[in-house]
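Student: Provided below: start-v9.pdb, containing PDB, C-alpha atoms.
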ATOM      1  CA  MET A   1       0.000   0.000   0.000
ATOM      2  CA  GLN A   2       1.525   3.250  -1.081
ATOM      3  CA  THR A   3       0.374   6.035   1.212
ATOM      4  CA  ARG A   4       0.224   9.707   0.364
ATOM      5  CA  THR A   5      -0.124  12.376   3.000
ATOM      6  CA  TYR A   6      -2.518  15.261   2.473
ATOM      7  CA  GLN A   7      -0.835  17.688   0.060
ATOM      8  CA  SER A   8      -0.970  21.483  -0.118
ATOM      9  CA  ALA A   9      -2.330  21.198  -3.668
ATOM     10  CA  ILE A  10      -5.703  20.045  -2.346
ATOM     11  CA  PRO A  11      -6.878  23.518  -1.242
ATOM     12  CA  HIS A  12      -6.578  24.614  -4.877
ATOM     13  CA  ALA A  13      -8.916  21.780  -5.832
ATOM     14  CA  ALA A  14     -11.222  22.937  -3.054
ATOM     15  CA  CYS A  15     -11.222  26.495  -4.401
ATOM     16  CA  HIS A  16     -12.066  25.235  -7.853
ATOM     17  CA  PHE A  17     -14.870  23.082  -6.489
ATOM     18  CA  LEU A  18     -16.320  26.002  -4.501
ATOM     19  CA  SER A  19     -16.131  28.403  -7.431
ATOM     20  CA  ILE A  20     -18.193  26.029  -9.569
ATOM     21  CA  TRP A  21     -20.655  25.297  -6.812
ATOM     22  CA  LEU A  22     -21.225  28.888  -5.716
ATOM     23  CA  ASN A  23     -21.197  30.548  -9.121
ATOM     24  CA  GLY A  24     -23.187  27.879 -10.932
ATOM     25  CA  LEU A  25     -20.607  27.541 -13.690
ATOM     26  CA  MET A  26     -21.066  24.866 -16.362
ATOM     27  CA  GLN A  27     -18.184  22.817 -17.657
ATOM     28  CA  HIS A  28     -17.808  19.964 -20.126
ATOM     29  CA  ARG A  29     -15.864  17.788 -17.712
ATOM     30  CA  ASN A  30     -16.089  17.569 -13.951
ATOM     31  CA  SER A  31     -13.139  17.542 -11.572
ATOM     32  CA  LEU A  32     -12.854  13.758 -11.852
ATOM     33  CA  GLY A  33     -12.244  14.091 -15.594
ATOM     34  CA  TYR A  34     -15.545  12.548 -16.749
ATOM     35  CA  VAL A  35     -17.881  14.149 -19.284
ATOM     36  CA  ILE A  36     -20.893  15.673 -17.530
ATOM     37  CA  GLY A  37     -24.160  14.034 -18.536
ATOM     38  CA  SER A  38     -22.529  11.442 -20.776
ATOM     39  CA  HIS A  39     -20.329   8.359 -20.680
ATOM     40  CA  GLY A  40     -16.714   7.621 -21.519
ATOM     41  CA  ARG A  41     -13.410   7.320 -19.754
ATOM     42  CA  ALA A  42     -11.879  10.006 -17.586
ATOM     43  CA  MET A  43      -9.383  12.353 -19.225
ATOM     44  CA  ILE A  44      -6.640  14.551 -17.755
ATOM     45  CA  VAL A  45      -8.208  17.751 -16.443
ATOM     46  CA  TRP A  46      -5.493  19.058 -14.073
ATOM     47  CA  GLY A  47      -1.990  20.289 -14.817
ATOM     48  CA  HIS A  48       0.796  21.394 -12.472
ATOM     49  CA  ASP A  49       2.161  24.911 -12.901
ATOM     50  CA  ALA A  50       5.653  24.609 -11.410
ATOM     51  CA  ARG A  51       6.295  28.355 -11.715
ATOM     52  CA  GLU A  52       3.313  29.365  -9.569
ATOM     53  CA  GLY A  53       3.230  26.200  -7.494
ATOM     54  CA  ARG A  54      -0.417  25.413  -8.107
ATOM     55  CA  LYS A  55      -2.712  23.202 -10.147
ATOM     56  CA  ILE A  56      -4.567  24.487 -13.205
ATOM     57  CA  PHE A  57      -7.935  23.045 -14.239
ATOM     58  CA  ILE A  58      -8.505  22.557 -17.966
ATOM     59  CA  ASP A  59     -11.105  25.368 -18.084
ATOM     60  CA  GLU A  60      -8.459  27.799 -16.784
ATOM     61  CA  ALA A  61      -5.665  26.648 -19.073
ATOM     62  CA  ASP A  62      -4.598  28.326 -22.309
ATOM     63  CA  ARG A  63      -4.938  26.249 -25.448
ATOM     64  CA  GLY A  64      -1.737  24.431 -26.406
ATOM     65  CA  GLY A  65       1.362  23.814 -24.327
ATOM     66  CA  GLY A  66       2.699  27.317 -23.826
ATOM     67  CA  GLN A  67       2.084  27.351 -20.082
ATOM     68  CA  GLY A  68       4.506  24.501 -19.508
ATOM     69  CA  LEU A  69       2.080  22.499 -17.364
ATOM     70  CA  LEU A  70       3.046  19.030 -16.186
ATOM     71  CA  CYS A  71       1.042  15.853 -15.662
ATOM     72  CA  GLU A  72       1.061  13.895 -12.375
ATOM     73  CA  CYS A  73       3.345  11.423 -14.130
ATOM     74  CA  GLY A  74       5.795  14.218 -15.025
ATOM     75  CA  SER A  75       5.013  14.463 -18.750
ATOM     76  CA  PRO A  76       4.519  17.901 -20.354
ATOM     77  CA  LEU A  77       0.878  18.654 -21.107
ATOM     78  CA  VAL A  78      -0.948  20.236 -24.031
ATOM     79  CA  ALA A  79      -4.433  21.683 -23.482
ATOM     80  CA  LYS A  80      -6.885  20.373 -26.090
ATOM     81  CA  LYS A  81      -9.710  22.913 -26.335
ATOM     82  CA  GLY A  82     -11.449  22.411 -29.667
ATOM     83  CA  ASP A  83     -15.047  23.014 -30.748
ATOM     84  CA  ILE A  84     -16.127  19.356 -30.908
ATOM     85  CA  LYS A  85     -14.543  17.265 -28.169
ATOM     86  CA  GLU A  86     -14.772  18.175 -24.488
ATOM     87  CA  ALA A  87     -11.691  20.045 -23.302
ATOM     88  CA  HIS A  88      -8.919  17.958 -21.748
ATOM     89  CA  PHE A  89      -5.146  17.728 -21.467
ATOM     90  CA  ALA A  90      -2.959  15.304 -23.394
ATOM     91  CA  HIS A  91       0.690  14.425 -23.044
ATOM     92  CA  ALA A  92       2.781  16.607 -25.317
ATOM     93  CA  SER A  93       4.136  13.477 -26.964
ATOM     94  CA  GLY A  94       0.668  12.883 -28.422
ATOM     95  CA  HIS A  95       0.025   9.892 -26.196
ATOM     96  CA  GLY A  96      -1.669   9.504 -22.844
ATOM     97  CA  VAL A  97      -4.893  11.521 -23.064
ATOM     98  CA  SER A  98      -6.119   9.276 -20.238
ATOM     99  CA  CYS A  99      -3.184   9.006 -17.852
ATOM    100  CA  GLU A 100      -3.964   6.754 -14.883
ATOM    101  CA  ALA A 101      -1.671   8.707 -12.559
ATOM    102  CA  ALA A 102      -3.468  11.943 -13.446
ATOM    103  CA  THR A 103      -7.030  10.627 -13.144
ATOM    104  CA  ASN A 104      -6.238   8.822  -9.883
ATOM    105  CA  ALA A 105      -4.725  11.985  -8.391
ATOM    106  CA  ALA A 106      -7.721  14.039  -9.558
ATOM    107  CA  ALA A 107     -10.082  11.670  -7.735
ATOM    108  CA  LEU A 108      -8.003  11.651  -4.550
ATOM    109  CA  ASN A 109      -7.633  15.425  -4.373
ATOM    110  CA  PHE A 110     -11.231  16.190  -5.319
ATOM    111  CA  ILE A 111     -12.664  13.819  -2.716
ATOM    112  CA  ALA A 112     -10.284  15.176  -0.055
ATOM    113  CA  ALA A 113     -11.347  18.737  -0.871
ATOM    114  CA  ILE A 114     -15.029  17.844  -0.478
ATOM    115  CA  LEU A 115     -14.471  16.005   2.814
ATOM    116  CA  LEU A 116     -12.594  18.962   4.297
ATOM    117  CA  GLU A 117     -15.079  21.512   3.000
ATOM    118  CA  ARG A 118     -18.277  19.764   4.082
ATOM    119  CA  ARG A 119     -16.822  18.299   7.326
ATOM    120  CA  SER A 120     -19.858  16.153   8.271
ATOM    121  CA  LEU A 121     -20.091  12.728   6.603
ATOM    122  CA  ARG A 122     -23.128  10.453   6.840
ATOM    123  CA  ILE A 123     -22.013   7.023   8.008
ATOM    124  CA  PRO A 124     -23.853   3.723   7.533
ATOM    125  CA  PRO A 125     -26.413   2.765  10.202
ATOM    126  CA  VAL A 126     -25.259   1.614  13.616
ATOM    127  CA  LEU A 127     -27.941  -0.481  15.329
ATOM    128  CA  GLY A 128     -30.474   0.881  12.868
ATOM    129  CA  ARG A 129     -29.593   4.525  13.400
ATOM    130  CA  VAL A 130     -27.873   6.658  10.771
ATOM    131  CA  GLY A 131     -25.167   8.909  12.215
ATOM    132  CA  HIS A 132     -22.531  11.389  11.081
ATOM    133  CA  ALA A 133     -18.780  11.572  11.521
ATOM    134  CA  GLU A 134     -17.323  15.037  12.009
ATOM    135  CA  ILE A 135     -14.128  15.401   9.960
ATOM    136  CA  PHE A 136     -11.188  17.332  11.408
ATOM    137  CA  SER A 137      -8.359  16.350   9.072
ATOM    138  CA  ILE A 138      -7.181  13.780   6.559
ATOM    139  CA  ALA A 139      -4.449  11.544   7.954
ATOM    140  CA  GLU A 140      -3.519   9.793   4.696
ATOM    141  CA  GLN A 141      -4.762   8.971   1.223
ATOM    142  CA  SER A 142      -3.864   6.410  -1.431
ATOM    143  CA  PHE A 143      -5.252   4.866  -4.607
ATOM    144  CA  GLU A 144      -5.739   1.101  -4.568
ATOM    145  CA  GLU A 145      -8.032   0.579  -7.576
ATOM    146  CA  HIS A 146     -10.325   2.903  -5.644
ATOM    147  CA  PRO A 147      -9.615   6.141  -3.736
ATOM    148  CA  VAL A 148      -8.883   5.522  -0.053
ATOM    149  CA  HIS A 149      -8.891   8.287   2.583
ATOM    150  CA  VAL A 150      -8.289   7.945   6.321
ATOM    151  CA  ILE A 151      -9.898  10.792   8.244
ATOM    152  CA  ASN A 152      -9.470  11.968  11.802
ATOM    153  CA  ALA A 153     -12.953  12.247  13.234
ATOM    154  CA  GLN A 154     -14.380  13.357  16.576
ATOM    155  CA  LYS A 155     -13.150  11.946  19.893
ATOM    156  CA  GLY A 156      -9.849  10.863  18.371
ATOM    157  CA  GLN A 157     -11.506   8.285  16.134
ATOM    158  CA  SER A 158     -10.128   7.328  12.710
ATOM    159  CA  LEU A 159     -12.326   6.309   9.797
ATOM    160  CA  ARG A 160     -11.181   4.833   6.490
ATOM    161  CA  ILE A 161     -13.270   5.755   3.423
ATOM    162  CA  VAL A 162     -13.054   3.651   0.276
ATOM    163  CA  THR A 163     -14.814   5.355  -2.634
ATOM    164  CA  ARG A 164     -15.848   3.428  -5.726
ATOM    165  CA  ILE A 165     -15.725   5.513  -8.920
ATOM    166  CA  LYS A 166     -14.546   3.052 -11.543
ATOM    167  CA  ARG A 167     -16.352  -0.103 -12.643
ATOM    168  CA  LYS A 168     -13.958  -2.320 -10.689
ATOM    169  CA  THR A 169     -15.481  -4.362  -7.861
ATOM    170  CA  MET A 170     -14.752  -4.033  -4.149
ATOM    171  CA  ASP A 171     -13.604  -7.648  -3.810
ATOM    172  CA  GLN A 172     -10.083  -6.668  -2.752
ATOM    173  CA  PHE A 173     -11.453  -4.952   0.362
ATOM    174  CA  ALA A 174     -14.153  -7.447   1.340
ATOM    175  CA  ASP A 175     -11.987  -9.753   3.473
ATOM    176  CA  ALA A 176      -8.764  -7.777   3.683
ATOM    177  CA  ASP A 177      -6.972  -8.361   6.982
ATOM    178  CA  ARG A 178      -5.338  -4.949   6.738
ATOM    179  CA  LEU A 179      -8.717  -3.281   7.274
ATOM    180  CA  LYS A 180      -8.686  -4.503  10.863
ATOM    181  CA  GLY A 181      -8.036  -1.800  13.400
ATOM    182  CA  ILE A 182      -9.695   1.115  11.576
ATOM    183  CA  SER A 183     -13.413   1.313  10.934
ATOM    184  CA  THR A 184     -13.865   1.289   7.154
ATOM    185  CA  ILE A 185     -16.814   2.301   4.994
ATOM    186  CA  HIS A 186     -17.449   1.961   1.281
ATOM    187  CA  ILE A 187     -19.192   4.795  -0.595
ATOM    188  CA  ASP A 188     -20.391   3.998  -4.118
ATOM    189  CA  LEU A 189     -20.032   7.002  -6.456
ATOM    190  CA  PHE A 190     -19.968   5.019  -9.695
ATOM    191  CA  GLU A 191     -23.407   6.154 -10.845
ATOM    192  CA  TYR A 192     -22.589   9.791  -9.983
ATOM    193  CA  ARG A 193     -19.252  10.088 -11.784
ATOM    194  CA  ASN A 194     -20.752  11.899 -14.800
ATOM    195  CA  GLU A 195     -22.542  14.508 -12.686
ATOM    196  CA  GLU A 196     -21.441  18.048 -11.931
ATOM    197  CA  ASP A 197     -19.071  18.614  -9.020
ATOM    198  CA  ALA A 198     -21.775  19.749  -6.600
ATOM    199  CA  GLU A 199     -23.889  16.664  -7.309
ATOM    200  CA  ILE A 200     -20.911  14.392  -6.698
ATOM    201  CA  ALA A 201     -20.188  16.245  -3.444
ATOM    202  CA  ASP A 202     -23.752  15.778  -2.196
ATOM    203  CA  ALA A 203     -23.625  12.090  -3.092
ATOM    204  CA  LEU A 204     -20.294  11.596  -1.314
ATOM    205  CA  MET A 205     -21.330  13.270   1.905
ATOM    206  CA  ARG A 206     -24.872  11.954   2.268
ATOM    207  CA  GLY A 207     -26.721  10.705  -0.833
ATOM    208  CA  ALA A 208     -24.745   7.760  -2.247
ATOM    209  CA  ARG A 209     -25.094   4.178  -1.034
ATOM    210  CA  ARG A 210     -22.651   3.343   1.771
ATOM    211  CA  GLU A 211     -21.895   0.337   3.929
ATOM    212  CA  TRP A 212     -19.467  -0.872   6.577
ATOM    213  CA  LEU A 213     -16.557  -2.942   5.289
ATOM    214  CA  TYR A 214     -15.192  -3.280   8.795
ATOM    215  CA  TYR A 215     -16.337  -1.992  12.182
ATOM    216  CA  ALA A 216     -13.433  -1.605  14.593
ATOM    217  CA  LYS A 217     -15.580  -1.436  17.735
ATOM    218  CA  PRO A 218     -17.734  -4.540  18.187
ATOM    219  CA  LEU A 219     -20.926  -3.858  20.092
ATOM    220  CA  ASN A 220     -20.604  -4.235  23.836
ATOM    221  CA  ARG A 221     -23.511  -6.519  24.677
ATOM    222  CA  SER A 222     -23.544  -5.172  28.247
ATOM    223  CA  LEU A 223     -24.995  -1.993  26.792
ATOM    224  CA  LEU A 224     -28.121  -3.906  25.847
ATOM    225  CA  ASN A 225     -30.640  -5.441  28.236
ATOM    226  CA  PRO A 226     -31.851  -9.011  27.420
ATOM    227  CA  ARG A 227     -35.053  -7.828  25.744
ATOM    228  CA  GLN A 228     -33.135  -5.414  23.528
ATOM    229  CA  ALA A 229     -30.473  -8.028  22.723
ATOM    230  CA  ARG A 230     -33.174 -10.307  21.348
ATOM    231  CA  ALA A 231     -34.902  -7.524  19.416
ATOM    232  CA  PRO A 232     -32.377  -4.731  18.620
ATOM    233  CA  ASN A 233     -34.761  -3.106  16.142
ATOM    234  CA  ILE A 234     -36.931  -1.831  19.006
ATOM    235  CA  ILE A 235     -34.212  -0.112  21.055
ATOM    236  CA  ASP A 236     -35.611   3.204  22.300
ATOM    237  CA  ARG A 237     -34.167   6.600  21.365
ATOM    238  CA  GLU A 238     -32.336   7.099  24.665
ATOM    239  CA  GLU A 239     -30.642   3.696  24.402
ATOM    240  CA  ILE A 240     -29.644   4.337  20.754
ATOM    241  CA  ALA A 241     -28.065   7.653  21.746
ATOM    242  CA  ARG A 242     -26.117   5.986  24.581
ATOM    243  CA  ILE A 243     -24.829   3.151  22.368
ATOM    244  CA  THR A 244     -23.867   5.457  19.502
ATOM    245  CA  LYS A 245     -21.971   7.738  21.900
ATOM    246  CA  ALA A 246     -20.130   4.729  23.314
ATOM    247  CA  LEU A 247     -19.098   3.736  19.789
ATOM    248  CA  GLY A 248     -17.476   7.114  19.231
ATOM    249  CA  PHE A 249     -19.997   8.661  16.806
ATOM    250  CA  ASP A 250     -22.577  11.373  17.373
TER     251      ASP A 250
END
Using structure tokens, write down the structure from this file.
Tutor:
Amino acid sequence: MQTRTYQSAIPHAACHFLSIWLNGLMQHRNSLGYVIGSHGRAMIVWGHDAREGRKIFIDEADRGGGQGLLCECGSPLVAKKGDIKEAHFAHASGHGVSCEAATNAAALNFIAAILLERRSLRIPPVLGRVGHAEIFSIAEQSFEEHPVHVINAQKGQSLRIVTRIKRKTMDQFADADRLKGISTIHIDLFEYRNEEDAEIADALMRGARREWLYYAKPLNRSLLNPRQARAPNIIDREEIARITKALGFD
């Protein structure tokens, strides 16, 4: 597992996300690189400006390669902004219009920006009750066929978030021993990947299907009386609040 710490480039992704959301701007491709309202593979939509030390989205870039922007993989980029195809970057060599390093980094940074901007993430039900995890920071992020983020939540808790964007299955995470120790949830964004940024953000934080891949704190049965242990679906509100608090979530 190759781990990446939270980079200073992410706030620039956050600014771009907010500018689209607040100003209602339309774009041909979203921040993940997918065509809005259509299908097709993700293209390169971010380039590094080494001179200014920031990332440039394709909508901001000048046509051609005069800005000297670089791909995540280090290749020089050329901005393709014609009248027919949706704008995107391509490697200056003429190859690599869909660079895996670039599209993976775009997904990681965009998701991190949303998590840090919105701060409150809906988690899967615990004992039938849906709760929220308050996000304070991102401890690490990596791409393992799917974006993976570990967040620092309230009360010193850590939560691992595995986000599905590509068609690939979640089989690699289903029985992974390495998930043990950190509560892990899966959020399925596959059906939202061709939406606008704000729609993807809403889906990530509350609307998309989510489930526990691993729960690090098994339920303490002493918290339940015998009647409730036999029929957990009828636990009263006060008992639900007490159990959820004990598990570290509000």
Student: I need the output of the PyMOL selection byres ((chain A and resi 40) around 12) for this file as a list in words; which residues are they?
Tutor: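 So the PyMOL selection byres ((chain A and resi 40) around 12) ends up selecting Arg29, Gly33, Tyr34, Val35, Ile36, Gly37, Ser38, His39, Arg41, Ala42, Met43, Lys85, Glu86, Ser98, Lys166, Arg167, Arg193 and Asn194 of chain A.
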Student: Please indicate the distance in Å from atom CA of A:Ile185 to atom CA of A:Phe110, rounded to one decimal place.
Tutor: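 Atom CA of A:Phe110 lies at a distance of 18.2 Å from atom CA of A:Ile185.
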Student: Report the distance between atom CA of A:Ser137 and atom CA of A:Ile58 in Å, rounded to one decimal place.
Tutor: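 Computed distance, atom CA of A:Ser137 to atom CA of A:Ile58, equals 27.7 Å.
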Student: Given all atoms listed in the file as the basis, pick out the residue of A:Gln67, A:Ser142, A:Thr163, A:Gln157 nearest to A:Tyr192.
Tutor: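 Closest to A:Tyr192 of all the choices is A:Thr163.
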Student: For a quick check of understanding, using only C-alpha atoms, which of A:Ile187, A:Ala79, A:Val45, A:Val130 has the smallest distance to A:Ala105?
Tutor: A:Val45
Student: For atom CA of A:Asp59 and atom CA of A:Asp197, quote the distance in Å rounded to one decimal.
Tutor: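 Result for atom CA of A:Asp59 versus atom CA of A:Asp197: 13.8 Å, one decimal.
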Student: Considering all atoms listed in the file, tabulate each residue of stretch 151-195 of chain A that lies at most 12 Å from stretch 116-126 of chain A along with its nearest interatomic pair and the corresponding distance in Å to one decimal; arrange the rows by chain and ascending residue number and present them as a Markdown table.
Tutor:
| residue | atom | partner | partner_atom | distance |
| --- | --- | --- | --- | --- |
| A:Ile151 | CA | A:Leu116 | CA | 9.5 |
| A:Asn152 | CA | A:Arg119 | CA | 10.7 |
| A:Ala153 | CA | A:Arg119 | CA | 9.3 |
| A:Gln154 | CA | A:Ser120 | CA | 10.3 |
| A:Leu159 | CA | A:Ile123 | CA | 9.9 |
| A:Arg160 | CA | A:Ile123 | CA | 11.2 |
| A:Ile161 | CA | A:Ile123 | CA | 10.0 |
| A:Ser183 | CA | A:Ile123 | CA | 10.7 |
| A:Thr184 | CA | A:Ile123 | CA | 10.0 |
| A:Ile185 | CA | A:Pro124 | CA | 7.6 |
| A:His186 | CA | A:Pro124 | CA | 9.1 |
| A:Ile187 | CA | A:Ile123 | CA | 9.3 |
Student: For stretch 161-172 of chain A, where the input has fewer atoms than it should, I would like all heavy atoms rebuilt and written as an mmCIF file, in the frame of the given file.
Tutor:
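selection.cif written:
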data_model
loop_
_atom_site.group_PDB
_atom_site.id
_atom_site.type_symbol
_atom_site.label_atom_id
_atom_site.label_comp_id
_atom_site.auth_asym_id
_atom_site.auth_seq_id
_atom_site.Cartn_x
_atom_site.Cartn_y
_atom_site.Cartn_z
ATOM 1 N N ILE A 161 -12.213 5.621 4.430
ATOM 2 C CA ILE A 161 -13.270 5.755 3.423
ATOM 3 C C ILE A 161 -12.747 5.224 2.105
ATOM 4 O O ILE A 161 -11.760 5.732 1.568
ATOM 5 C CB ILE A 161 -13.698 7.231 3.264
ATOM 6 C CG1 ILE A 161 -14.152 7.812 4.609
ATOM 7 C CG2 ILE A 161 -14.814 7.360 2.232
ATOM 8 C CD1 ILE A 161 -14.227 9.320 4.610
ATOM 9 N N VAL A 162 -13.389 4.205 1.581
ATOM 10 C CA VAL A 162 -13.054 3.651 0.276
ATOM 11 C C VAL A 162 -14.165 4.054 -0.693
ATOM 12 O O VAL A 162 -15.326 3.699 -0.491
ATOM 13 C CB VAL A 162 -12.930 2.116 0.322
ATOM 14 C CG1 VAL A 162 -12.547 1.570 -1.050
ATOM 15 C CG2 VAL A 162 -11.920 1.686 1.377
ATOM 16 N N THR A 163 -13.819 4.804 -1.716
ATOM 17 C CA THR A 163 -14.814 5.355 -2.634
ATOM 18 C C THR A 163 -14.735 4.665 -3.987
ATOM 19 O O THR A 163 -13.682 4.684 -4.630
ATOM 20 C CB THR A 163 -14.604 6.871 -2.825
ATOM 21 O OG1 THR A 163 -14.500 7.490 -1.545
ATOM 22 C CG2 THR A 163 -15.768 7.483 -3.584
ATOM 23 N N ARG A 164 -15.822 4.086 -4.418
ATOM 24 C CA ARG A 164 -15.848 3.428 -5.726
ATOM 25 C C ARG A 164 -16.288 4.436 -6.784
ATOM 26 O O ARG A 164 -17.367 4.999 -6.721
ATOM 27 C CB ARG A 164 -16.810 2.237 -5.719
ATOM 28 C CG ARG A 164 -16.935 1.544 -7.078
ATOM 29 C CD ARG A 164 -17.814 0.316 -6.991
ATOM 30 N NE ARG A 164 -18.018 -0.296 -8.293
ATOM 31 C CZ ARG A 164 -19.158 -0.245 -8.979
ATOM 32 N NH1 ARG A 164 -20.208 0.397 -8.481
ATOM 33 N NH2 ARG A 164 -19.268 -0.829 -10.157
ATOM 34 N N ILE A 165 -15.413 4.644 -7.788
ATOM 35 C CA ILE A 165 -15.725 5.513 -8.920
ATOM 36 C C ILE A 165 -15.683 4.719 -10.215
ATOM 37 O O ILE A 165 -16.537 4.885 -11.079
ATOM 38 C CB ILE A 165 -14.730 6.695 -8.992
ATOM 39 C CG1 ILE A 165 -14.870 7.576 -7.754
ATOM 40 C CG2 ILE A 165 -14.959 7.531 -10.257
ATOM 41 C CD1 ILE A 165 -13.834 8.663 -7.668
ATOM 42 N N LYS A 166 -14.693 3.849 -10.331
ATOM 43 C CA LYS A 166 -14.546 3.052 -11.543
ATOM 44 C C LYS A 166 -15.409 1.793 -11.461
ATOM 45 O O LYS A 166 -15.963 1.463 -10.414
ATOM 46 C CB LYS A 166 -13.079 2.697 -11.754
ATOM 47 C CG LYS A 166 -12.184 3.932 -11.917
ATOM 48 C CD LYS A 166 -10.746 3.548 -12.168
ATOM 49 C CE LYS A 166 -9.872 4.786 -12.334
ATOM 50 N NZ LYS A 166 -8.453 4.447 -12.605
ATOM 51 N N ARG A 167 -15.500 1.073 -12.574
ATOM 52 C CA ARG A 167 -16.352 -0.103 -12.643
ATOM 53 C C ARG A 167 -15.824 -1.270 -11.813
ATOM 54 O O ARG A 167 -16.548 -2.225 -11.522
ATOM 55 C CB ARG A 167 -16.507 -0.537 -14.106
ATOM 56 C CG ARG A 167 -17.615 -1.526 -14.370
ATOM 57 C CD ARG A 167 -17.756 -1.816 -15.837
ATOM 58 N NE ARG A 167 -18.121 -0.626 -16.590
ATOM 59 C CZ ARG A 167 -19.370 -0.194 -16.736
ATOM 60 N NH1 ARG A 167 -20.368 -0.854 -16.163
ATOM 61 N NH2 ARG A 167 -19.620 0.887 -17.438
ATOM 62 N N LYS A 168 -14.579 -1.211 -11.412
ATOM 63 C CA LYS A 168 -13.958 -2.320 -10.689
ATOM 64 C C LYS A 168 -14.731 -2.632 -9.396
ATOM 65 O O LYS A 168 -15.277 -1.748 -8.750
ATOM 66 C CB LYS A 168 -12.506 -1.981 -10.354
ATOM 67 C CG LYS A 168 -11.640 -1.820 -11.597
ATOM 68 C CD LYS A 168 -10.224 -1.415 -11.245
ATOM 69 C CE LYS A 168 -9.371 -1.257 -12.497
ATOM 70 N NZ LYS A 168 -7.997 -0.825 -12.184
ATOM 71 N N THR A 169 -14.743 -3.924 -9.036
ATOM 72 C CA THR A 169 -15.481 -4.362 -7.861
ATOM 73 C C THR A 169 -14.708 -4.025 -6.588
ATOM 74 O O THR A 169 -13.564 -3.583 -6.625
ATOM 75 C CB THR A 169 -15.724 -5.877 -7.902
ATOM 76 O OG1 THR A 169 -14.469 -6.551 -7.750
ATOM 77 C CG2 THR A 169 -16.357 -6.274 -9.228
ATOM 78 N N MET A 170 -15.359 -4.280 -5.452
ATOM 79 C CA MET A 170 -14.752 -4.033 -4.149
ATOM 80 C C MET A 170 -14.214 -5.308 -3.535
ATOM 81 O O MET A 170 -13.950 -5.371 -2.341
ATOM 82 C CB MET A 170 -15.811 -3.417 -3.212
ATOM 83 C CG MET A 170 -16.350 -2.082 -3.669
ATOM 84 S SD MET A 170 -15.092 -0.788 -3.603
ATOM 85 C CE MET A 170 -14.761 -0.753 -1.850
ATOM 86 N N ASP A 171 -14.012 -6.345 -4.333
ATOM 87 C CA ASP A 171 -13.604 -7.648 -3.810
ATOM 88 C C ASP A 171 -12.314 -7.575 -3.004
ATOM 89 O O ASP A 171 -12.138 -8.281 -2.011
ATOM 90 C CB ASP A 171 -13.433 -8.662 -4.946
ATOM 91 C CG ASP A 171 -14.756 -9.023 -5.596
ATOM 92 O OD1 ASP A 171 -15.800 -8.707 -4.981
ATOM 93 O OD2 ASP A 171 -14.753 -9.599 -6.690
ATOM 94 N N GLN A 172 -11.383 -6.722 -3.419
ATOM 95 C CA GLN A 172 -10.083 -6.668 -2.752
ATOM 96 C C GLN A 172 -10.193 -6.189 -1.312
ATOM 97 O O GLN A 172 -9.317 -6.440 -0.491
ATOM 98 C CB GLN A 172 -9.137 -5.749 -3.517
ATOM 99 C CG GLN A 172 -9.521 -4.263 -3.428
ATOM 100 C CD GLN A 172 -8.550 -3.359 -4.131
ATOM 101 O OE1 GLN A 172 -8.884 -2.734 -5.115
ATOM 102 N NE2 GLN A 172 -7.328 -3.305 -3.608
#
